[in-house]
Amino acid sequence: MSDAVLTRLRALLGSAGVEREADGLPRATPDSSESFAQVCHVASEEGWRIRLEGQGTWLPADAPAELALSTRALDQVVSVSPADLVATVQAGAPLDEVRRRLADQGMWLALDPPGRPDRSIGSILATATAGPLRYGFGSVRDHVLGCAVVTGDGRIVRAGGRVVKNVAGYDVTKLHVGGFGGFGVITEVHLRLRALPRADVTFTALGPRDRLAAAARAIGAASLSPSALEMFSPALAAEAEWMLAARLTGTDSAVVGEARRLSATGDVTWQQLRADRSAAFWGLTARAALAGPITLRLGVLPDGLEETIDLVGHDLDEGLVSAGGMGGLRWTGTTSVERLRSLRRAMAAREIPMTIERAPWEVRREIGHFGAYREGVGQLVSKLREAFDPKGALQVALEGSG
């Protein structure tokens with residue numbers, strides 16, 4: 001990068017907004033959607049490849065590029081409206097800080113993604129990495145009302161709205177949540193909130209995997225409504241057997257009633273965790289997704305969970321696995337590109353989507369976050385990427401190279 005262009009960036013962001021990394025790569029840290037867009041416009045004009053960075057706690061910041069563009073300065077909780085159950089938050093805001101701000105006003109964002117508690121909101125949305133609370137509160141998309149996105153060539157696109165019923169036609173928000181930044185960079189988001197639960201209780205049960213899976217199905221059939229219901233492999237739970245964990249939230253009376261019904265459901269023995277152990281338990285299981293360099297998720301339905309776990313154990317290993325009571329499986333560990341390709345082929349044969357949530361660039365480049373698309377889908381994705389990033393500045397490997 002020439003000194004003239006570096007000077008141009010510093011004129012936009014100030015001296016503190018542009019720095020050189022140890023390897024000489026410049027990093028820009030805009031503090032608004034507008035300045036973010038200006039940087040992308042300059043990068044597009046110059047033909048630079050852009051590497052996107054958040055807090056650096058989830059996806060490795062290792063894509064080859066001429067410019068690193070960080071959301072770290074976009075760290076504000078812009079507004080909280082308890083009456084509307086909506087908050088507007090910048091993408092670089094750490095989740096744990098957002099939680100504290102909301103709790104001060106009796107509000108709760110029902111997201112518990114894998115990884116560290118200081119993951120940025122933008123990272124969670126871009127990768128759509130939902131945790132066990134998806135059982136009771138839905139996917140990451142279900143918590144997003146609208147967002148501001150900066151395209152690869154420096155336009156600001158505002159999608160969705162700030163209220164629950166404010167979307168007409170196709171909601172472009174759905175394209176960006178889970179798009180890994182391939183269609184633009186989320187800079188601000190309007191989030192759906194809930195009242196902070198008065199009671200929050202966790203129960204766990206240990207046993208053979210098939211018995212716990214049967215208990216999870218029985219809970220669903222009994223119309224119980226835990227906020228989270230997740231099964232953990234022995235290595236992830238740090239136990240000798242598989243573990244099933246149920247989290248109940250709500251009013252005191254509602255949680256007591258659900259706990260009574262839970263104890264009578266399924267052929268398992270439930271143990272209630274102390275309040276201090278409950279928070280630590282969910283935090284530790286979330287961090288387990290960082291215990292290996294690669295994390296993937298499989299969109300499997302509940303009746304196919306056990307077979308899918310067996311397939312994962314055959315092609316990879318049964319190390320760090322978590323599986324949701326309503327389906328969905330996450331695996332973390334170390335493996336080769338060849339084994340990942342083998343697993344993806346096995347999943348494709350069963351129409352189970354596989355997403356690489358985090359991995360080194362070499363793996364992302366070869367495998368892609370989503371891999372090969374069904375016939376006709378690849379052309380659509382290419383046209384969408386061209387519309388949002390005409391010069392291909394954003395270095396995001398949605399599809400594999402081989």
# chains A, B, ... in the order shown; residues from 1 in each chain; ligands from 1
$ residues_around --residues "region 89-92 of chain A" --least-positions-apart "3" --cutoff "9 Å" --atoms "only C-alpha atoms" --output "PDB file with N, CA and C atoms, in the first residue's frame"
ATOM      1  N   SER A  32     -18.142   4.200  12.518  1.00  0.00           N
ATOM      2  CA  SER A  32     -19.525   4.416  12.092  1.00  0.00           C
ATOM      3  C   SER A  32     -19.755   3.690  10.774  1.00  0.00           C
ATOM      4  N   SER A  33     -21.026   3.453  10.467  1.00  0.00           N
ATOM      5  CA  SER A  33     -21.349   2.819   9.184  1.00  0.00           C
ATOM      6  C   SER A  33     -20.864   3.685   8.023  1.00  0.00           C
ATOM      7  N   GLY A  54     -13.501  -9.064  13.535  1.00  0.00           N
ATOM      8  CA  GLY A  54     -14.297  -8.592  14.649  1.00  0.00           C
ATOM      9  C   GLY A  54     -13.416  -8.466  15.878  1.00  0.00           C
ATOM     10  N   GLN A  55     -13.777  -9.160  16.952  1.00  0.00           N
ATOM     11  CA  GLN A  55     -12.946  -9.169  18.157  1.00  0.00           C
ATOM     12  C   GLN A  55     -11.793 -10.162  18.040  1.00  0.00           C
ATOM     13  N   SER A  70     -11.676  -3.774  10.491  1.00  0.00           N
ATOM     14  CA  SER A  70     -12.151  -4.264  11.774  1.00  0.00           C
ATOM     15  C   SER A  70     -13.394  -3.510  12.254  1.00  0.00           C
ATOM     16  N   THR A  71     -14.284  -4.237  12.926  1.00  0.00           N
ATOM     17  CA  THR A  71     -15.474  -3.617  13.524  1.00  0.00           C
ATOM     18  C   THR A  71     -15.249  -3.262  14.993  1.00  0.00           C
ATOM     19  N   ARG A  72     -14.033  -3.364  15.486  1.00  0.00           N
ATOM     20  CA  ARG A  72     -13.794  -3.192  16.924  1.00  0.00           C
ATOM     21  C   ARG A  72     -14.206  -1.820  17.445  1.00  0.00           C
ATOM     22  N   ALA A  73     -14.117  -0.785  16.613  1.00  0.00           N
ATOM     23  CA  ALA A  73     -14.509   0.556  17.071  1.00  0.00           C
ATOM     24  C   ALA A  73     -16.017   0.761  17.001  1.00  0.00           C
ATOM     25  N   LEU A  74     -16.740  -0.163  16.359  1.00  0.00           N
ATOM     26  CA  LEU A  74     -18.207  -0.101  16.326  1.00  0.00           C
ATOM     27  C   LEU A  74     -18.740  -0.876  17.524  1.00  0.00           C
ATOM     28  N   ASP A  75     -18.559  -0.342  18.715  1.00  0.00           N
ATOM     29  CA  ASP A  75     -18.776  -1.121  19.933  1.00  0.00           C
ATOM     30  C   ASP A  75     -19.865  -0.561  20.839  1.00  0.00           C
ATOM     31  N   GLN A  76     -20.769   0.234  20.280  1.00  0.00           N
ATOM     32  CA  GLN A  76     -21.754   0.911  21.112  1.00  0.00           C
ATOM     33  C   GLN A  76     -23.118   0.212  21.117  1.00  0.00           C
ATOM     34  N   VAL A  77     -23.763   0.228  22.283  1.00  0.00           N
ATOM     35  CA  VAL A  77     -25.184  -0.080  22.365  1.00  0.00           C
ATOM     36  C   VAL A  77     -25.892   1.247  22.112  1.00  0.00           C
ATOM     37  N   VAL A  78     -26.432   1.405  20.914  1.00  0.00           N
ATOM     38  CA  VAL A  78     -26.951   2.699  20.481  1.00  0.00           C
ATOM     39  C   VAL A  78     -28.200   3.086  21.256  1.00  0.00           C
ATOM     40  N   SER A  79     -29.125   2.141  21.411  1.00  0.00           N
ATOM     41  CA  SER A  79     -30.364   2.445  22.132  1.00  0.00           C
ATOM     42  C   SER A  79     -31.004   1.155  22.612  1.00  0.00           C
ATOM     43  N   VAL A  80     -31.768   1.271  23.698  1.00  0.00           N
ATOM     44  CA  VAL A  80     -32.554   0.158  24.228  1.00  0.00           C
ATOM     45  C   VAL A  80     -33.956   0.681  24.503  1.00  0.00           C
ATOM     46  N   VAL A  98     -23.137  -6.198  25.984  1.00  0.00           N
ATOM     47  CA  VAL A  98     -24.536  -5.998  25.595  1.00  0.00           C
ATOM     48  C   VAL A  98     -25.460  -6.622  26.637  1.00  0.00           C
ATOM     49  N   ARG A 119     -17.468 -12.378  22.372  1.00  0.00           N
ATOM     50  CA  ARG A 119     -17.635 -12.388  20.921  1.00  0.00           C
ATOM     51  C   ARG A 119     -18.437 -11.167  20.486  1.00  0.00           C
ATOM     52  N   SER A 120     -18.102 -10.625  19.333  1.00  0.00           N
ATOM     53  CA  SER A 120     -18.839  -9.463  18.850  1.00  0.00           C
ATOM     54  C   SER A 120     -20.207  -9.875  18.324  1.00  0.00           C
ATOM     55  N   ILE A 121     -21.151  -8.970  18.432  1.00  0.00           N
ATOM     56  CA  ILE A 121     -22.498  -9.204  17.912  1.00  0.00           C
ATOM     57  C   ILE A 121     -22.434  -9.480  16.410  1.00  0.00           C
ATOM     58  N   GLY A 122     -21.589  -8.739  15.700  1.00  0.00           N
ATOM     59  CA  GLY A 122     -21.464  -8.935  14.262  1.00  0.00           C
ATOM     60  C   GLY A 122     -20.994 -10.327  13.897  1.00  0.00           C
ATOM     61  N   SER A 123     -20.056 -10.864  14.677  1.00  0.00           N
ATOM     62  CA  SER A 123     -19.560 -12.217  14.437  1.00  0.00           C
ATOM     63  C   SER A 123     -20.673 -13.245  14.610  1.00  0.00           C
ATOM     64  N   LEU A 125     -23.909 -12.794  14.324  1.00  0.00           N
ATOM     65  CA  LEU A 125     -24.896 -12.672  13.260  1.00  0.00           C
ATOM     66  C   LEU A 125     -24.336 -13.164  11.921  1.00  0.00           C
ATOM     67  N   ILE A 186     -22.030  -6.459   8.175  1.00  0.00           N
ATOM     68  CA  ILE A 186     -23.033  -5.933   9.106  1.00  0.00           C
ATOM     69  C   ILE A 186     -22.353  -4.929  10.034  1.00  0.00           C
ATOM     70  N   THR A 187     -22.894  -3.710  10.102  1.00  0.00           N
ATOM     71  CA  THR A 187     -22.295  -2.683  10.962  1.00  0.00           C
ATOM     72  C   THR A 187     -23.203  -2.285  12.127  1.00  0.00           C
ATOM     73  N   GLU A 188     -24.507  -2.483  11.960  1.00  0.00           N
ATOM     74  CA  GLU A 188     -25.464  -2.141  13.021  1.00  0.00           C
ATOM     75  C   GLU A 188     -26.663  -3.068  12.903  1.00  0.00           C
ATOM     76  N   VAL A 189     -27.289  -3.373  14.049  1.00  0.00           N
ATOM     77  CA  VAL A 189     -28.386  -4.341  14.035  1.00  0.00           C
ATOM     78  C   VAL A 189     -29.461  -3.946  15.035  1.00  0.00           C
ATOM     79  N   HIS A 190     -30.709  -4.230  14.675  1.00  0.00           N
ATOM     80  CA  HIS A 190     -31.845  -4.051  15.578  1.00  0.00           C
ATOM     81  C   HIS A 190     -32.242  -5.432  16.089  1.00  0.00           C
ATOM     82  N   LEU A 191     -32.170  -5.615  17.397  1.00  0.00           N
ATOM     83  CA  LEU A 191     -32.348  -6.925  18.010  1.00  0.00           C
ATOM     84  C   LEU A 191     -33.664  -7.040  18.763  1.00  0.00           C
TER      85      LEU A 191
END
$ select_by_dssp --residues "region 123-205 of chain A" --states "helix (DSSP H, G or I)" --output "list in words"
Ser123, Ile124, Leu125, Ala126, Thr127, Arg134, Tyr135, Gly136, Phe137, Val140, Arg141, Asp142, His143, Thr173, Lys174, Leu175 and His176 of chain A
$ closest_atom_pairs --of "region 5-69 of chain A" --to "region 294-304 of chain A" --cutoff "12 Å" --atoms "only C-alpha atoms" --output "tab-separated table"
residue	atom	partner	partner_atom	distance
A:Trp58	CA	A:Thr295	CA	9.9
A:Leu59	CA	A:Ile294	CA	9.6
A:Pro60	CA	A:Ile294	CA	10.4
$ residues_around --residues "Ile309 (chain A)" --least-positions-apart "4" --cutoff "12 Å" --atoms "only C-alpha atoms" --output "VMD selection string"
chain A and resid 209 to 210 213 231 to 233 297 to 298 300 to 305 313 to 324 327 to 331 343 347
$ write_last_selection --atoms "C-alpha atoms" --output "PDB file, in the first residue's frame"
ATOM      1  CA  ARG A 209     -26.449 -41.740  24.447  1.00  0.00           C
ATOM      2  CA  ASP A 210     -29.504 -43.638  23.208  1.00  0.00           C
ATOM      3  CA  ALA A 213     -31.754 -39.100  23.104  1.00  0.00           C
ATOM      4  CA  MET A 231     -26.880 -33.326  24.607  1.00  0.00           C
ATOM      5  CA  PHE A 232     -23.100 -33.300  25.128  1.00  0.00           C
ATOM      6  CA  SER A 233     -20.518 -35.967  24.370  1.00  0.00           C
ATOM      7  CA  ARG A 297     -22.494 -27.627  12.252  1.00  0.00           C
ATOM      8  CA  LEU A 298     -24.899 -30.062  10.663  1.00  0.00           C
ATOM      9  CA  VAL A 300     -29.885 -32.639  11.017  1.00  0.00           C
ATOM     10  CA  LEU A 301     -33.439 -33.328  12.194  1.00  0.00           C
ATOM     11  CA  PRO A 302     -34.059 -34.888  15.643  1.00  0.00           C
ATOM     12  CA  ASP A 303     -34.857 -38.372  14.351  1.00  0.00           C
ATOM     13  CA  GLY A 304     -31.534 -38.483  12.510  1.00  0.00           C
ATOM     14  CA  LEU A 305     -29.288 -37.255  15.322  1.00  0.00           C
ATOM     15  CA  GLY A 313     -17.537 -40.424  14.695  1.00  0.00           C
ATOM     16  CA  HIS A 314     -16.646 -42.606  11.701  1.00  0.00           C
ATOM     17  CA  ASP A 315     -15.341 -39.837   9.426  1.00  0.00           C
ATOM     18  CA  LEU A 316     -13.892 -37.575  12.128  1.00  0.00           C
ATOM     19  CA  ASP A 317     -14.237 -38.585  15.788  1.00  0.00           C
ATOM     20  CA  GLU A 318     -16.791 -38.420  18.578  1.00  0.00           C
ATOM     21  CA  GLY A 319     -14.788 -35.964  20.632  1.00  0.00           C
ATOM     22  CA  LEU A 320     -16.426 -32.591  21.188  1.00  0.00           C
ATOM     23  CA  VAL A 321     -20.033 -32.971  20.033  1.00  0.00           C
ATOM     24  CA  SER A 322     -23.174 -31.125  21.102  1.00  0.00           C
ATOM     25  CA  ALA A 323     -26.611 -31.951  19.731  1.00  0.00           C
ATOM     26  CA  GLY A 324     -29.846 -30.031  20.167  1.00  0.00           C
ATOM     27  CA  GLY A 327     -32.005 -31.190  15.925  1.00  0.00           C
ATOM     28  CA  GLY A 328     -28.741 -29.638  14.852  1.00  0.00           C
ATOM     29  CA  LEU A 329     -25.266 -30.864  15.710  1.00  0.00           C
ATOM     30  CA  ARG A 330     -21.967 -29.087  16.310  1.00  0.00           C
ATOM     31  CA  TRP A 331     -18.511 -30.730  16.190  1.00  0.00           C
ATOM     32  CA  LEU A 343     -18.191 -36.147   5.689  1.00  0.00           C
ATOM     33  CA  MET A 347     -24.204 -35.550   4.610  1.00  0.00           C
TER      34      MET A 347
END
$ residues_around --residues "Thr285 (chain A)" --least-positions-apart "5" --cutoff "12 Å" --atoms "only C-alpha atoms" --output "count of residues only"
30
$ select_by_dssp --residues "region 161-212 of chain A" --states "strand (DSSP E or B)" --output "mmCIF file with C-alpha atoms, in the first residue's frame"
data_model
loop_
_atom_site.group_PDB
_atom_site.id
_atom_site.type_symbol
_atom_site.label_atom_id
_atom_site.label_comp_id
_atom_site.auth_asym_id
_atom_site.auth_seq_id
_atom_site.Cartn_x
_atom_site.Cartn_y
_atom_site.Cartn_z
ATOM 1 C CA GLY A 182 -19.836 -12.643 1.748
ATOM 2 C CA GLY A 184 -21.466 -7.233 2.873
ATOM 3 C CA VAL A 185 -20.403 -6.277 6.377
ATOM 4 C CA ILE A 186 -23.033 -5.933 9.106
ATOM 5 C CA THR A 187 -22.295 -2.683 10.962
ATOM 6 C CA GLU A 188 -25.464 -2.141 13.021
ATOM 7 C CA VAL A 189 -28.386 -4.341 14.035
ATOM 8 C CA HIS A 190 -31.845 -4.051 15.578
ATOM 9 C CA LEU A 191 -32.348 -6.925 18.010
ATOM 10 C CA ARG A 192 -35.500 -8.504 19.396
ATOM 11 C CA ARG A 194 -37.248 -10.431 25.974
ATOM 12 C CA ALA A 195 -37.854 -9.638 29.611
ATOM 13 C CA ALA A 199 -35.821 -17.736 37.391
ATOM 14 C CA ASP A 200 -33.093 -19.571 35.465
ATOM 15 C CA VAL A 201 -32.499 -23.205 36.441
ATOM 16 C CA THR A 202 -30.432 -25.994 34.867
ATOM 17 C CA PHE A 203 -30.889 -29.756 35.222
ATOM 18 C CA THR A 204 -28.480 -32.400 33.927
ATOM 19 C CA ALA A 205 -28.698 -36.154 33.434
ATOM 20 C CA LEU A 206 -25.960 -38.679 32.617
ATOM 21 C CA GLY A 207 -26.301 -41.961 30.791
#
$ residues_around --residues "region 140-142 of chain A" --least-positions-apart "3" --cutoff "8 Å" --atoms "only C-alpha atoms" --output "ChimeraX atom specification"
/A:111,124-125,128-130,134,137,145,174,177,192
$ residues_around --residues "Arg385 (chain A)" --least-positions-apart "6" --cutoff "10 Å" --atoms "only C-alpha atoms" --output "PyMOL selection string"
chain A and resi 151-152+182-184+379+391-392+394
$ write_last_selection --atoms "N, CA and C atoms" --output "CSV table (one decimal), in the first residue's frame"
chain,number,residue,atom,x,y,z
A,151,THR,N,-21.6,-2.6,1.8
A,151,THR,CA,-21.3,-3.5,0.7
A,151,THR,C,-19.8,-3.4,0.4
A,152,GLY,N,-19.3,-4.3,-0.5
A,152,GLY,CA,-17.9,-4.3,-0.8
A,152,GLY,C,-17.4,-3.1,-1.5
A,182,GLY,N,-20.0,-12.5,3.2
A,182,GLY,CA,-19.8,-12.6,1.7
A,182,GLY,C,-20.7,-11.7,0.9
A,183,PHE,N,-21.7,-11.1,1.5
A,183,PHE,CA,-22.6,-10.2,0.8
A,183,PHE,C,-22.6,-8.8,1.4
A,184,GLY,N,-21.6,-8.5,2.2
A,184,GLY,CA,-21.5,-7.2,2.9
A,184,GLY,C,-21.2,-7.4,4.4
A,379,GLN,N,-25.4,-20.3,-9.1
A,379,GLN,CA,-25.5,-19.1,-10.0
A,379,GLN,C,-26.2,-17.9,-9.3
A,391,LYS,N,-16.6,-5.9,-7.2
A,391,LYS,CA,-15.2,-6.2,-7.5
A,391,LYS,C,-14.6,-7.3,-6.7
A,392,GLY,N,-15.4,-8.0,-6.0
A,392,GLY,CA,-14.9,-9.2,-5.2
A,392,GLY,C,-13.9,-8.8,-4.2
A,394,LEU,N,-14.3,-8.5,-0.8
A,394,LEU,CA,-14.4,-9.2,0.5
A,394,LEU,C,-13.9,-10.6,0.4
$ residues_around --residues "Ser44 (chain A)" --least-positions-apart "2" --cutoff "12 Å" --atoms "only C-alpha atoms" --output "CSV table (one decimal) with N, CA and C atoms, in the first residue's frame"
chain,number,residue,atom,x,y,z
A,37,ALA,N,-18.2,2.6,5.2
A,37,ALA,CA,-18.5,2.6,3.8
A,37,ALA,C,-17.5,3.4,3.0
A,38,GLN,N,-16.9,4.5,3.6
A,38,GLN,CA,-15.9,5.3,2.9
A,38,GLN,C,-14.7,4.4,2.7
A,39,VAL,N,-14.3,3.7,3.7
A,39,VAL,CA,-13.1,2.8,3.6
A,39,VAL,C,-13.3,1.7,2.5
A,40,CYS,N,-14.5,1.1,2.5
A,40,CYS,CA,-14.8,0.1,1.5
A,40,CYS,C,-14.7,0.7,0.1
A,41,HIS,N,-15.2,1.9,-0.1
A,41,HIS,CA,-15.2,2.6,-1.4
A,41,HIS,C,-13.8,2.8,-1.8
A,42,VAL,N,-12.9,3.3,-0.9
A,42,VAL,CA,-11.5,3.5,-1.3
A,42,VAL,C,-10.9,2.1,-1.7
A,46,GLU,N,-9.2,1.1,-5.3
A,46,GLU,CA,-7.8,0.7,-5.4
A,46,GLU,C,-7.7,-0.8,-5.8
A,47,GLY,N,-8.8,-1.6,-5.8
A,47,GLY,CA,-8.7,-3.0,-6.1
A,47,GLY,C,-8.0,-3.8,-5.0
A,48,TRP,N,-8.2,-3.4,-3.7
A,48,TRP,CA,-7.7,-4.2,-2.6
A,48,TRP,C,-8.6,-5.3,-2.2
A,49,ARG,N,-8.0,-6.4,-1.8
A,49,ARG,CA,-8.8,-7.4,-1.1
A,49,ARG,C,-8.9,-7.0,0.4
A,50,ILE,N,-10.1,-7.2,0.9
A,50,ILE,CA,-10.4,-6.8,2.3
A,50,ILE,C,-10.6,-8.1,3.2
A,66,GLU,N,-5.0,-7.1,1.2
A,66,GLU,CA,-4.2,-5.8,1.3
A,66,GLU,C,-4.6,-4.9,2.4
A,67,LEU,N,-5.8,-5.2,3.0
A,67,LEU,CA,-6.4,-4.3,4.0
A,67,LEU,C,-7.2,-5.1,5.0
A,151,THR,N,-21.6,-2.6,1.8
A,151,THR,CA,-21.3,-3.5,0.7
A,151,THR,C,-19.8,-3.4,0.4
A,152,GLY,N,-19.3,-4.3,-0.5
A,152,GLY,CA,-17.9,-4.3,-0.8
A,152,GLY,C,-17.4,-3.1,-1.5
A,153,ASP,N,-18.3,-2.4,-2.2
A,153,ASP,CA,-17.9,-1.2,-2.9
A,153,ASP,C,-18.3,0.1,-2.2
A,154,GLY,N,-18.8,0.0,-0.9
A,154,GLY,CA,-19.0,1.1,-0.1
A,154,GLY,C,-20.3,1.7,0.0
A,155,ARG,N,-21.4,1.0,-0.4
A,155,ARG,CA,-22.8,1.5,-0.2
A,155,ARG,C,-23.3,1.0,1.2
A,388,PHE,N,-23.7,-7.2,-4.3
A,388,PHE,CA,-23.2,-6.6,-3.1
A,388,PHE,C,-21.7,-6.3,-3.0
A,389,ASP,N,-21.0,-7.0,-3.9
A,389,ASP,CA,-19.5,-6.8,-3.9
A,389,ASP,C,-19.0,-6.9,-5.3
A,390,PRO,N,-19.3,-5.9,-6.2
A,390,PRO,CA,-19.0,-6.0,-7.6
A,390,PRO,C,-17.6,-6.4,-8.0
A,391,LYS,N,-16.6,-5.9,-7.2
A,391,LYS,CA,-15.2,-6.2,-7.5
A,391,LYS,C,-14.6,-7.3,-6.7
A,392,GLY,N,-15.4,-8.0,-6.0
A,392,GLY,CA,-14.9,-9.2,-5.2
A,392,GLY,C,-13.9,-8.8,-4.2
A,393,ALA,N,-14.1,-7.7,-3.5
A,393,ALA,CA,-13.1,-7.2,-2.5
A,393,ALA,C,-13.1,-8.1,-1.2
A,394,LEU,N,-14.3,-8.5,-0.8
A,394,LEU,CA,-14.4,-9.2,0.5
A,394,LEU,C,-13.9,-10.6,0.4
$ decode --residues "region 69-83 of chain A" --atoms "N, CA and C atoms" --output "PDB file, in the first residue's frame"
ATOM      1  N   LEU A  69     -10.017  -4.897   7.778  1.00  0.00           N
ATOM      2  CA  LEU A  69     -11.072  -3.954   8.144  1.00  0.00           C
ATOM      3  C   LEU A  69     -11.789  -4.498   9.372  1.00  0.00           C
ATOM      4  N   SER A  70     -11.676  -3.774  10.491  1.00  0.00           N
ATOM      5  CA  SER A  70     -12.151  -4.264  11.774  1.00  0.00           C
ATOM      6  C   SER A  70     -13.394  -3.510  12.254  1.00  0.00           C
ATOM      7  N   THR A  71     -14.284  -4.237  12.926  1.00  0.00           N
ATOM      8  CA  THR A  71     -15.474  -3.617  13.524  1.00  0.00           C
ATOM      9  C   THR A  71     -15.249  -3.262  14.993  1.00  0.00           C
ATOM     10  N   ARG A  72     -14.033  -3.364  15.486  1.00  0.00           N
ATOM     11  CA  ARG A  72     -13.794  -3.192  16.924  1.00  0.00           C
ATOM     12  C   ARG A  72     -14.206  -1.820  17.445  1.00  0.00           C
ATOM     13  N   ALA A  73     -14.117  -0.785  16.613  1.00  0.00           N
ATOM     14  CA  ALA A  73     -14.509   0.556  17.071  1.00  0.00           C
ATOM     15  C   ALA A  73     -16.017   0.761  17.001  1.00  0.00           C
ATOM     16  N   LEU A  74     -16.740  -0.163  16.359  1.00  0.00           N
ATOM     17  CA  LEU A  74     -18.207  -0.101  16.326  1.00  0.00           C
ATOM     18  C   LEU A  74     -18.740  -0.876  17.524  1.00  0.00           C
ATOM     19  N   ASP A  75     -18.559  -0.342  18.715  1.00  0.00           N
ATOM     20  CA  ASP A  75     -18.776  -1.121  19.933  1.00  0.00           C
ATOM     21  C   ASP A  75     -19.865  -0.561  20.839  1.00  0.00           C
ATOM     22  N   GLN A  76     -20.769   0.234  20.280  1.00  0.00           N
ATOM     23  CA  GLN A  76     -21.754   0.911  21.112  1.00  0.00           C
ATOM     24  C   GLN A  76     -23.118   0.212  21.117  1.00  0.00           C
ATOM     25  N   VAL A  77     -23.763   0.228  22.283  1.00  0.00           N
ATOM     26  CA  VAL A  77     -25.184  -0.080  22.365  1.00  0.00           C
ATOM     27  C   VAL A  77     -25.892   1.247  22.112  1.00  0.00           C
ATOM     28  N   VAL A  78     -26.432   1.405  20.914  1.00  0.00           N
ATOM     29  CA  VAL A  78     -26.951   2.699  20.481  1.00  0.00           C
ATOM     30  C   VAL A  78     -28.200   3.086  21.256  1.00  0.00           C
ATOM     31  N   SER A  79     -29.125   2.141  21.411  1.00  0.00           N
ATOM     32  CA  SER A  79     -30.364   2.445  22.132  1.00  0.00           C
ATOM     33  C   SER A  79     -31.004   1.155  22.612  1.00  0.00           C
ATOM     34  N   VAL A  80     -31.768   1.271  23.698  1.00  0.00           N
ATOM     35  CA  VAL A  80     -32.554   0.158  24.228  1.00  0.00           C
ATOM     36  C   VAL A  80     -33.956   0.681  24.503  1.00  0.00           C
ATOM     37  N   SER A  81     -34.957  -0.016  23.969  1.00  0.00           N
ATOM     38  CA  SER A  81     -36.347   0.381  24.176  1.00  0.00           C
ATOM     39  C   SER A  81     -37.090  -0.758  24.863  1.00  0.00           C
ATOM     40  N   PRO A  82     -37.141  -0.755  26.206  1.00  0.00           N
ATOM     41  CA  PRO A  82     -37.851  -1.827  26.914  1.00  0.00           C
ATOM     42  C   PRO A  82     -39.324  -1.927  26.520  1.00  0.00           C
ATOM     43  N   ALA A  83     -39.946  -0.805  26.222  1.00  0.00           N
ATOM     44  CA  ALA A  83     -41.367  -0.843  25.861  1.00  0.00           C
ATOM     45  C   ALA A  83     -41.593  -1.599  24.564  1.00  0.00           C
TER      46      ALA A  83
END
